[in-house]
Amino acid sequence: MTTSITLNRLRFHAFHGVMEQERRVGNTFEVSLTVRYPFEKAMTTDCLDHTLNYALLYDVIATEMQQPSQLLEHVAGRIIKAAKARFPLIEGGTIKVAKLCPPIKAQMQSVEVQVDF
């Protein structure tokens with residue numbers, strides 16, 4: 001059995017980007033994180049101690065989003081590293097970090113980096 005938890009399309013105002021204006025004004029970002037985690041025991045015990053507390057996982061993501069980076073790849077990597085440090089039983093997962101209003105002249109919804117780990 002594979003079990004996972006997903007925090008989907010979390011929105012943050014943050015200051016990631018290569019351009020000076022992005023680091024000064026900021027932008028809106030969305031983060032989706034799915035982690036494979038062994039919570040089979042929680043399925044029978046109904047006990048929070050037997051699963052990953054997604055409120056604490058959100059705190060990890062929010063903390064990393066507050067630290068400016070030039071690249072979305074770097075943001076994704078820091079979130080993965082911090083989540084694994086906080087929850088050592090994470091077996092892998094997928095993270096998507098999207099910049100909703102990238103500073104390029106094109107009609108688009110977002111620019112997104114995805115990492116499967």
# chains A, B, ... in the order shown; residues from 1 in each chain; ligands from 1
>>> residues_around(residues="Glu64 (chain A)", least_positions_apart="6", cutoff="8 Å", atoms="only C-alpha atoms", output="PyMOL selection string")
chain A and resi 75+78-79+82
>>> write_last_selection(atoms="C-alpha atoms", output="PDB file, in the first residue's frame")
ATOM      1  CA  VAL A  75      12.931  27.082  -3.436  1.00  0.00           C
ATOM      2  CA  ARG A  78      14.932  23.889   0.201  1.00  0.00           C
ATOM      3  CA  ILE A  79      11.334  22.859   0.911  1.00  0.00           C
ATOM      4  CA  ALA A  82      13.370  21.031   5.296  1.00  0.00           C
TER       5      ALA A  82
END
>>> residues_around(residues="Val97 (chain A)", least_positions_apart="4", cutoff="8 Å", atoms="only C-alpha atoms", output="VMD selection string")
chain A and resid 29 to 32 72 75 to 76 112 to 114
>>> atom_distance(atom1="CA of Val18 (chain A)", atom2="CA of Ser69 (chain A)")
8.1 Å
>>> select_by_dssp(residues="region 73-103 of chain A", states="helix (DSSP H, G or I)", output="MDAnalysis selection string")
chainID A and resid 73:86
>>> closest_residue(among="A:Ala98, A:Met1, A:Thr34, A:Gln107", to="Ala14 (chain A)", atoms="only C-alpha atoms")
A:Ala98
>>> closest_residue(among="A:Arg9, A:Arg86, A:Leu56, A:Glu20", to="Pro68 (chain A)", atoms="only C-alpha atoms")
A:Glu20
>>> atom_distance(atom1="CA of Gly92 (chain A)", atom2="CA of Val35 (chain A)")
5.8 Å
>>> residues_around(residues="Leu33 (chain A)", least_positions_apart="3", cutoff="6 Å", atoms="only C-alpha atoms", output="list in words")
Thr6, Leu7, Thr94 and Ile95 of chain A
>>> select_by_dssp(residues="chain A", states="strand (DSSP E)", output="MDAnalysis selection string")
chainID A and resid 4:14 27:36 92:99 111:116
>>> closest_residue(among="A:Val25, A:Cys47, A:Val60, A:Ile5", to="Ala85 (chain A)", atoms="only C-alpha atoms")
A:Val60
